[in-house]
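Have a look at query.cif below; it lists mmCIF, C-alpha atoms.
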data_work
#
loop_
_atom_site.label_atom_id
_atom_site.label_comp_id
_atom_site.auth_asym_id
_atom_site.auth_seq_id
_atom_site.Cartn_x
_atom_site.Cartn_y
_atom_site.Cartn_z
CA MET Z 1 -13.51 -2.43 17.46
CA ALA Z 2 -16.75 -4.00 16.38
CA VAL Z 3 -17.48 -4.87 12.79
CA ASP Z 4 -20.68 -2.80 13.09
CA THR Z 5 -18.74 0.38 13.87
CA LEU Z 6 -16.62 0.04 10.73
CA ARG Z 7 -19.67 -0.83 8.69
CA GLY Z 8 -21.38 2.30 10.05
CA LEU Z 9 -18.47 4.55 9.06
CA LEU Z 10 -18.35 3.06 5.58
CA GLU Z 11 -22.12 3.27 5.06
CA GLN Z 12 -21.94 6.91 6.06
CA ALA Z 13 -19.23 7.56 3.48
CA PHE Z 14 -20.83 5.40 0.79
CA PRO Z 15 -24.58 5.88 1.45
CA SER Z 16 -25.79 4.26 -1.75
CA GLY Z 17 -23.03 1.67 -1.79
CA ASN Z 18 -22.79 -1.94 -0.80
CA VAL Z 19 -20.56 -2.48 2.24
CA ASP Z 20 -19.22 -5.70 3.70
CA VAL Z 21 -16.88 -5.96 6.70
CA ILE Z 22 -15.20 -9.19 7.81
CA ASP Z 23 -13.26 -9.61 11.04
CA ARG Z 24 -10.53 -11.85 9.64
CA THR Z 25 -9.17 -13.21 12.87
CA GLY Z 26 -12.05 -12.72 15.30
CA GLY Z 27 -9.79 -10.47 17.36
CA GLY Z 28 -11.48 -7.23 16.37
CA ASP Z 29 -8.48 -5.57 14.75
CA HIS Z 30 -7.82 -7.41 11.45
CA PHE Z 31 -10.48 -6.52 8.90
CA HIS Z 32 -11.31 -7.06 5.27
CA VAL Z 33 -13.71 -4.43 3.93
CA THR Z 34 -15.42 -4.64 0.57
CA VAL Z 35 -17.13 -1.57 -0.84
CA VAL Z 36 -19.09 -1.40 -4.09
CA SER Z 37 -20.05 2.19 -4.85
CA GLY Z 38 -20.74 4.62 -7.64
CA ARG Z 39 -18.28 6.99 -5.93
CA PHE Z 40 -15.50 4.86 -7.40
CA ALA Z 41 -16.59 5.44 -11.00
CA GLY Z 42 -13.70 6.62 -13.13
CA LEU Z 43 -11.18 6.40 -10.29
CA GLY Z 44 -8.02 4.30 -10.25
CA LEU Z 45 -7.51 1.76 -7.47
CA VAL Z 46 -5.24 4.13 -5.52
CA ASP Z 47 -7.92 6.82 -5.38
CA GLN Z 48 -10.64 4.24 -4.63
CA HIS Z 49 -8.66 2.96 -1.64
CA ARG Z 50 -7.95 6.55 -0.55
CA LEU Z 51 -11.71 7.13 -0.19
CA VAL Z 52 -11.95 4.05 2.04
CA TYR Z 53 -8.97 5.22 4.10
CA ASP Z 54 -10.65 8.62 4.46
CA ALA Z 55 -13.82 7.01 5.77
CA LEU Z 56 -11.83 4.95 8.29
CA ALA Z 57 -9.30 7.67 9.16
CA GLU Z 58 -10.11 7.69 12.85
CA PRO Z 59 -9.87 3.96 13.64
CA LEU Z 60 -6.76 3.80 11.42
CA ALA Z 61 -5.09 6.70 13.21
CA ASP Z 62 -5.85 5.58 16.76
CA GLY Z 63 -4.66 2.05 16.10
CA THR Z 64 -7.94 0.21 16.55
CA ILE Z 65 -7.49 -1.15 13.03
CA HIS Z 66 -4.25 -3.08 13.16
CA GLU Z 67 -4.51 -4.55 9.69
CA LEU Z 68 -6.89 -3.67 6.88
CA ARG Z 69 -7.55 -5.35 3.57
CA ILE Z 70 -9.58 -3.43 1.04
CA SER Z 71 -11.54 -4.54 -2.01
CA THR Z 72 -13.32 -1.85 -4.03
CA ARG Z 73 -15.45 -1.88 -7.16
CA SER Z 74 -17.56 0.64 -8.95
CA ASP Z 75 -21.17 -0.38 -9.48
CA THR Z 76 -21.71 1.85 -12.49
CA MET R 1 11.95 19.37 3.90
CA SER R 2 13.76 17.26 6.44
CA GLU R 3 16.78 15.26 5.34
CA LEU R 4 14.88 12.06 6.06
CA LYS R 5 12.00 13.18 3.86
CA ASP R 6 14.50 14.08 1.12
CA ARG R 7 16.01 10.62 1.27
CA ILE R 8 12.58 8.96 1.16
CA GLN R 9 11.61 11.11 -1.83
CA LYS R 10 14.89 10.25 -3.53
CA VAL R 11 14.27 6.51 -3.18
CA ILE R 12 10.77 6.97 -4.66
CA ASP R 13 12.08 9.09 -7.53
CA ASP R 14 15.27 7.20 -8.36
CA GLU R 15 14.47 3.54 -7.78
CA PRO R 16 12.60 1.68 -10.55
CA VAL R 17 10.49 -0.15 -7.96
CA ALA R 18 10.44 0.98 -4.33
CA LEU R 19 8.79 -1.10 -1.61
CA PHE R 20 8.38 0.48 1.83
CA MET R 21 7.79 -2.43 4.15
CA LYS R 22 8.01 -3.81 7.66
CA GLY R 23 11.26 -5.76 7.68
CA THR R 24 13.38 -6.60 4.66
CA PRO R 25 12.93 -9.07 1.78
CA GLY R 26 15.21 -11.43 3.69
CA PHE R 27 13.29 -11.05 6.94
CA VAL R 28 9.72 -9.84 6.48
CA MET R 29 7.97 -8.70 9.67
CA CYS R 30 4.36 -8.36 8.49
CA GLY R 31 1.86 -10.35 6.46
CA ASN R 32 0.86 -7.48 4.18
CA SER R 33 4.49 -6.61 3.45
CA GLN R 34 5.00 -10.27 2.55
CA ARG R 35 2.00 -10.17 0.19
CA ALA R 36 3.27 -7.06 -1.59
CA LEU R 37 6.76 -8.53 -1.91
CA GLU R 38 5.40 -11.81 -3.28
CA ALA R 39 3.24 -9.90 -5.77
CA LEU R 40 6.32 -8.06 -7.06
CA ARG R 41 8.41 -11.24 -7.10
CA SER R 42 5.71 -13.09 -9.06
CA VAL R 43 6.30 -10.77 -12.02
CA GLY R 44 10.08 -10.69 -11.56
CA ALA R 45 10.18 -7.02 -10.58
CA PRO R 46 13.44 -5.56 -9.32
CA VAL R 47 12.75 -4.45 -5.74
CA THR R 48 14.42 -1.75 -3.71
CA ALA R 49 13.14 -2.21 -0.20
CA VAL R 50 13.07 0.26 2.67
CA ASP R 51 12.44 -1.08 6.17
CA ILE R 52 10.22 1.41 7.99
CA LEU R 53 10.53 -0.29 11.40
CA PRO R 54 13.88 1.07 12.69
CA ASP R 55 12.45 4.57 13.29
CA PRO R 56 8.79 5.71 13.53
CA ARG R 57 9.73 8.93 11.71
CA ILE R 58 10.22 6.95 8.48
CA ARG R 59 6.57 5.95 8.46
CA GLN R 60 5.41 9.48 9.35
CA GLU R 61 7.50 11.18 6.68
CA LEU R 62 6.50 8.56 4.10
CA ALA R 63 2.80 9.10 4.86
CA ASP R 64 3.40 12.84 4.41
CA VAL R 65 5.03 12.31 1.03
CA SER R 66 2.57 9.73 -0.33
CA GLY R 67 -0.67 10.60 1.46
CA TRP R 68 -1.13 6.85 1.99
CA PRO R 69 -1.73 5.83 5.61
CA THR R 70 -0.68 2.17 5.66
CA ILE R 71 2.38 -0.02 5.07
CA PRO R 72 3.43 -1.54 2.68
CA GLN R 73 3.60 1.00 -0.14
CA VAL R 74 4.71 0.15 -3.66
CA PHE R 75 6.05 2.76 -6.07
CA ILE R 76 6.91 2.13 -9.72
CA GLY R 77 8.79 4.80 -11.64
CA GLY R 78 8.10 7.32 -8.88
CA GLU R 79 4.34 6.73 -8.87
CA LEU R 80 2.38 5.27 -5.95
CA VAL R 81 0.87 1.97 -7.07
CA GLY R 82 -0.74 1.14 -3.73
CA GLY R 83 -0.49 -1.39 -0.94
CA ALA R 84 -0.64 -5.17 -0.84
CA ASP R 85 -4.28 -5.45 -1.94
CA ILE R 86 -3.77 -3.35 -5.07
CA ALA R 87 -0.46 -5.07 -5.87
CA GLU R 88 -2.21 -8.45 -5.78
CA GLU R 89 -5.14 -7.19 -7.85
CA LEU R 90 -2.78 -5.78 -10.47
CA VAL R 91 -0.89 -9.08 -10.68
CA ALA R 92 -4.16 -10.95 -11.20
CA SER R 93 -5.30 -8.55 -13.92
CA GLY R 94 -1.90 -8.45 -15.64
CA GLU R 95 -1.67 -4.69 -15.13
CA LEU R 96 1.36 -4.85 -12.83
CA ARG R 97 3.42 -6.43 -15.60
CA GLU R 98 2.16 -3.75 -18.01
CA LYS R 99 3.05 -0.95 -15.58
CA LEU R 100 6.54 -2.37 -15.13
CA GLU R 101 7.08 -2.71 -18.87
CA THR R 102 5.84 0.83 -19.48
CA ALA R 103 7.99 2.33 -16.74
CA LEU R 104 11.12 0.20 -17.03
CA GLY R 105 11.08 -1.42 -20.46
CA SER R 106 10.27 -4.95 -21.59
CA ASP R 107 13.46 -6.39 -20.07
CA TYR R 108 12.63 -5.14 -16.57
CA ALA R 109 12.36 -8.57 -14.96
CA THR R 110 15.75 -8.89 -13.29
CA GLY R 111 14.31 -9.98 -9.96
CA ARG R 112 17.14 -8.01 -8.33
CA GLU R 113 16.47 -7.17 -4.67
CA ASN R 114 18.30 -4.65 -2.55
CA VAL R 115 17.69 -2.72 0.64
CA VAL R 116 18.20 1.00 1.18
CA ASP R 117 18.67 2.53 4.63
CA VAL R 118 17.02 5.96 4.60
CA LEU R 119 18.43 6.74 8.04
CA ALA R 120 21.98 6.55 6.74
CA THR R 121 23.54 9.89 5.86
CA SER R 122 25.39 8.52 2.85
CA GLU R 123 24.01 8.78 -0.68
CA VAL R 124 21.26 6.30 -1.47
#
Represent the structure from my file as structure tokens, please.
Amino acid sequence: MAVDTLRGLLEQAFPSGNVDVIDRTGGGDHFHVTVVSGRFAGLGLVDQHRLVYDALAEPLADGTIHELRISTRSDT
Amino acid sequence: MSELKDRIQKVIDDEPVALFMKGTPGFVMCGNSQRALEALRSVGAPVTAVDILPDPRIRQELADVSGWPTIPQVFIGGELVGGADIAEELVASGELREKLETALGSDYATGRENVVDVLATSEV
């Protein structure tokens, strides 16, 4: 799966946020996503990561994402 | 609830620190499971590990219980702490140590590691 597809899903879920997607191995299935968004304000890390998982539910479920690292931060 | 789900829930509820992982602490089968284990070890946490690899139902039932889609999963005092990324962040910020002290007391750091088989029918 292309980095752009993941970025698109995340930008859709976090429209005013700042999204970065890195293909860690170049193989198109190990990713590190960083999301900075106001949607995370007041949420614990577990709930912040849940929002990212929700946005990427499809590629996670169908196995296109083999390994995912997540970094989240609120920008407010 | 299925018996398997009951046993998974029991590990989460009863064990001070539960780590659902790929492999065991003695033979880790995945980089993220290794990272979560190392994060827990770095603060001396007692770890009760459950290997999710022997049966795909373990992972399915666990996801049902926790609502968390990926492995590893760390629980402290029955509460989902997160996966490897969060475990590492909480070590860096000092919050993992705080969580452990709050949940288990200031003398929590035994570093004890054991493995529970949730497929076994005996008591966990």
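Taking atom CA of R:Arg59 and atom CA of R:Ala120 as the two end points, the separation is 15.5 Å.
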Quick one: apply the PyMOL selection byres ((chain Z) within 8 of (chain R)) to the file and drop the selected residues here as a PyMOL selection string. chain Z and resi 45-46+50+53+60+69-71
Atom CA of Z:Gly38 to atom CA of Z:Ala55, straight-line distance in Å: 15.3 Å
Determine the residue membership of the PyMOL selection byres ((chain Z and resi 39) around 12) for the file above and supply it as a PyMOL selection string. chain Z and resi 13-18+35-38+40-44+47-52+72-76
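With atom CA of R:Glu101 on one side and atom CA of R:Val17 on the other, the separation reads 11.7 Å.
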With a distance cut-off of 8 Å and only C-alpha atoms, select the neighbouring residues of R:Leu62, excluding the residue or stretch itself and same-chain residues fewer than 4 positions from it, and output the selection as a PyMOL selection string. chain R and resi 5+8+58+66-67
Identify, on the basis of all atoms listed in the file, every residue whose closest approach to stretch 2-4 of chain Z does not exceed 12 Å; exclude the query and any residue fewer than 3 positions from it along the same chain; express the result as a ChimeraX atom specification. /Z:7-11,19-33,59,64-65
Select all residues near (12.0, -2.2, 10.2) (cut-off 6 Å, inclusive, file coordinates), counting all atoms listed in the file, and output them as number ranges by chain. R: 22-23, 51-54
Please write the residues picked by the PyMOL selection byres ((chain R and resi 12) around 12) on this file as a PyMOL selection string. chain R and resi 5-11+13-20+47-50+62+65-66+73-81+116+118+124
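The list of residues with at least one atom within 10 Å of R:Arg57, based on all atoms listed in the file and without residues fewer than 6 positions apart in the same chain, reads Leu4, Lys5, Ala63 and Leu119 of chain R.
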Neighbour residues at most 12 Å from (12.0, -9.3, -14.1) (all atoms listed in the file) as a ChimeraX atom specification: /R:16-17,40-47,96-98,100-101,104-113
With the input short on atoms, add N, CA and C atoms back to stretch 88-118 of chain R and write it as an mmCIF file, keeping the file's coordinate frame.
data_model
loop_
_atom_site.group_PDB
_atom_site.id
_atom_site.type_symbol
_atom_site.label_atom_id
_atom_site.label_comp_id
_atom_site.auth_asym_id
_atom_site.auth_seq_id
_atom_site.Cartn_x
_atom_site.Cartn_y
_atom_site.Cartn_z
ATOM 1 N N GLU R 88 -1.680 -7.125 -5.428
ATOM 2 C CA GLU R 88 -2.210 -8.450 -5.780
ATOM 3 C C GLU R 88 -3.254 -8.361 -6.890
ATOM 4 N N GLU R 89 -4.120 -7.355 -6.796
ATOM 5 C CA GLU R 89 -5.140 -7.190 -7.850
ATOM 6 C C GLU R 89 -4.492 -6.948 -9.205
ATOM 7 N N LEU R 90 -3.425 -6.129 -9.204
ATOM 8 C CA LEU R 90 -2.780 -5.780 -10.470
ATOM 9 C C LEU R 90 -1.996 -6.959 -11.047
ATOM 10 N N VAL R 91 -1.521 -7.861 -10.172
ATOM 11 C CA VAL R 91 -0.890 -9.080 -10.680
ATOM 12 C C VAL R 91 -1.951 -9.944 -11.352
ATOM 13 N N ALA R 92 -3.089 -10.094 -10.684
ATOM 14 C CA ALA R 92 -4.160 -10.950 -11.200
ATOM 15 C C ALA R 92 -4.679 -10.438 -12.544
ATOM 16 N N SER R 93 -4.753 -9.121 -12.683
ATOM 17 C CA SER R 93 -5.300 -8.550 -13.920
ATOM 18 C C SER R 93 -4.250 -8.393 -15.014
ATOM 19 N N GLY R 94 -2.977 -8.616 -14.662
ATOM 20 C CA GLY R 94 -1.900 -8.450 -15.640
ATOM 21 C C GLY R 94 -1.398 -7.013 -15.739
ATOM 22 N N GLU R 95 -2.041 -6.099 -15.001
ATOM 23 C CA GLU R 95 -1.670 -4.690 -15.130
ATOM 24 C C GLU R 95 -0.329 -4.361 -14.480
ATOM 25 N N LEU R 96 0.079 -5.157 -13.484
ATOM 26 C CA LEU R 96 1.360 -4.850 -12.830
ATOM 27 C C LEU R 96 2.502 -5.061 -13.824
ATOM 28 N N ARG R 97 2.423 -6.164 -14.564
ATOM 29 C CA ARG R 97 3.420 -6.430 -15.600
ATOM 30 C C ARG R 97 3.444 -5.293 -16.624
ATOM 31 N N GLU R 98 2.251 -4.853 -17.036
ATOM 32 C CA GLU R 98 2.160 -3.750 -18.010
ATOM 33 C C GLU R 98 2.804 -2.477 -17.474
ATOM 34 N N LYS R 99 2.470 -2.148 -16.204
ATOM 35 C CA LYS R 99 3.050 -0.950 -15.580
ATOM 36 C C LYS R 99 4.560 -1.024 -15.568
ATOM 37 N N LEU R 100 5.095 -2.204 -15.218
ATOM 38 C CA LEU R 100 6.540 -2.370 -15.130
ATOM 39 C C LEU R 100 7.180 -2.233 -16.502
ATOM 40 N N GLU R 101 6.530 -2.806 -17.509
ATOM 41 C CA GLU R 101 7.080 -2.710 -18.870
ATOM 42 C C GLU R 101 7.052 -1.269 -19.360
ATOM 43 N N THR R 102 5.949 -0.565 -19.053
ATOM 44 C CA THR R 102 5.840 0.830 -19.480
ATOM 45 C C THR R 102 6.891 1.694 -18.806
ATOM 46 N N ALA R 103 7.072 1.476 -17.494
ATOM 47 C CA ALA R 103 7.990 2.330 -16.740
ATOM 48 C C ALA R 103 9.445 1.957 -16.940
ATOM 49 N N LEU R 104 9.725 0.663 -17.075
ATOM 50 C CA LEU R 104 11.120 0.200 -17.030
ATOM 51 C C LEU R 104 11.593 -0.463 -18.310
ATOM 52 N N GLY R 105 10.689 -0.713 -19.242
ATOM 53 C CA GLY R 105 11.080 -1.420 -20.460
ATOM 54 C C GLY R 105 10.771 -2.897 -20.380
ATOM 55 N N SER R 106 10.738 -3.561 -21.544
ATOM 56 C CA SER R 106 10.270 -4.950 -21.590
ATOM 57 C C SER R 106 11.246 -5.923 -20.927
ATOM 58 N N ASP R 107 12.494 -5.490 -20.711
ATOM 59 C CA ASP R 107 13.460 -6.390 -20.070
ATOM 60 C C ASP R 107 13.640 -6.051 -18.596
ATOM 61 N N TYR R 108 12.553 -5.600 -17.967
ATOM 62 C CA TYR R 108 12.630 -5.140 -16.570
ATOM 63 C C TYR R 108 12.897 -6.260 -15.582
ATOM 64 N N ALA R 109 12.509 -7.498 -15.958
ATOM 65 C CA ALA R 109 12.360 -8.570 -14.960
ATOM 66 C C ALA R 109 13.689 -9.161 -14.523
ATOM 67 N N THR R 110 14.469 -8.386 -13.786
ATOM 68 C CA THR R 110 15.750 -8.890 -13.290
ATOM 69 C C THR R 110 15.586 -9.631 -11.970
ATOM 70 N N GLY R 111 14.497 -9.360 -11.256
ATOM 71 C CA GLY R 111 14.310 -9.980 -9.960
ATOM 72 C C GLY R 111 15.325 -9.519 -8.916
ATOM 73 N N ARG R 112 16.128 -8.520 -9.263
ATOM 74 C CA ARG R 112 17.140 -8.010 -8.330
ATOM 75 C C ARG R 112 16.472 -7.425 -7.080
ATOM 76 N N GLU R 113 17.021 -7.736 -5.913
ATOM 77 C CA GLU R 113 16.470 -7.170 -4.670
ATOM 78 C C GLU R 113 17.583 -6.509 -3.884
ATOM 79 N N ASN R 114 17.343 -5.283 -3.440
ATOM 80 C CA ASN R 114 18.300 -4.650 -2.550
ATOM 81 C C ASN R 114 17.560 -3.826 -1.492
ATOM 82 N N VAL R 115 18.279 -3.436 -0.488
ATOM 83 C CA VAL R 115 17.690 -2.720 0.640
ATOM 84 C C VAL R 115 18.407 -1.387 0.791
ATOM 85 N N VAL R 116 17.623 -0.319 0.960
ATOM 86 C CA VAL R 116 18.200 1.000 1.180
ATOM 87 C C VAL R 116 17.865 1.456 2.598
ATOM 88 N N ASP R 117 18.857 1.996 3.281
ATOM 89 C CA ASP R 117 18.670 2.530 4.630
ATOM 90 C C ASP R 117 18.483 4.037 4.537
ATOM 91 N N VAL R 118 17.259 4.521 4.736
ATOM 92 C CA VAL R 118 17.020 5.960 4.600
ATOM 93 C C VAL R 118 17.485 6.747 5.823
#
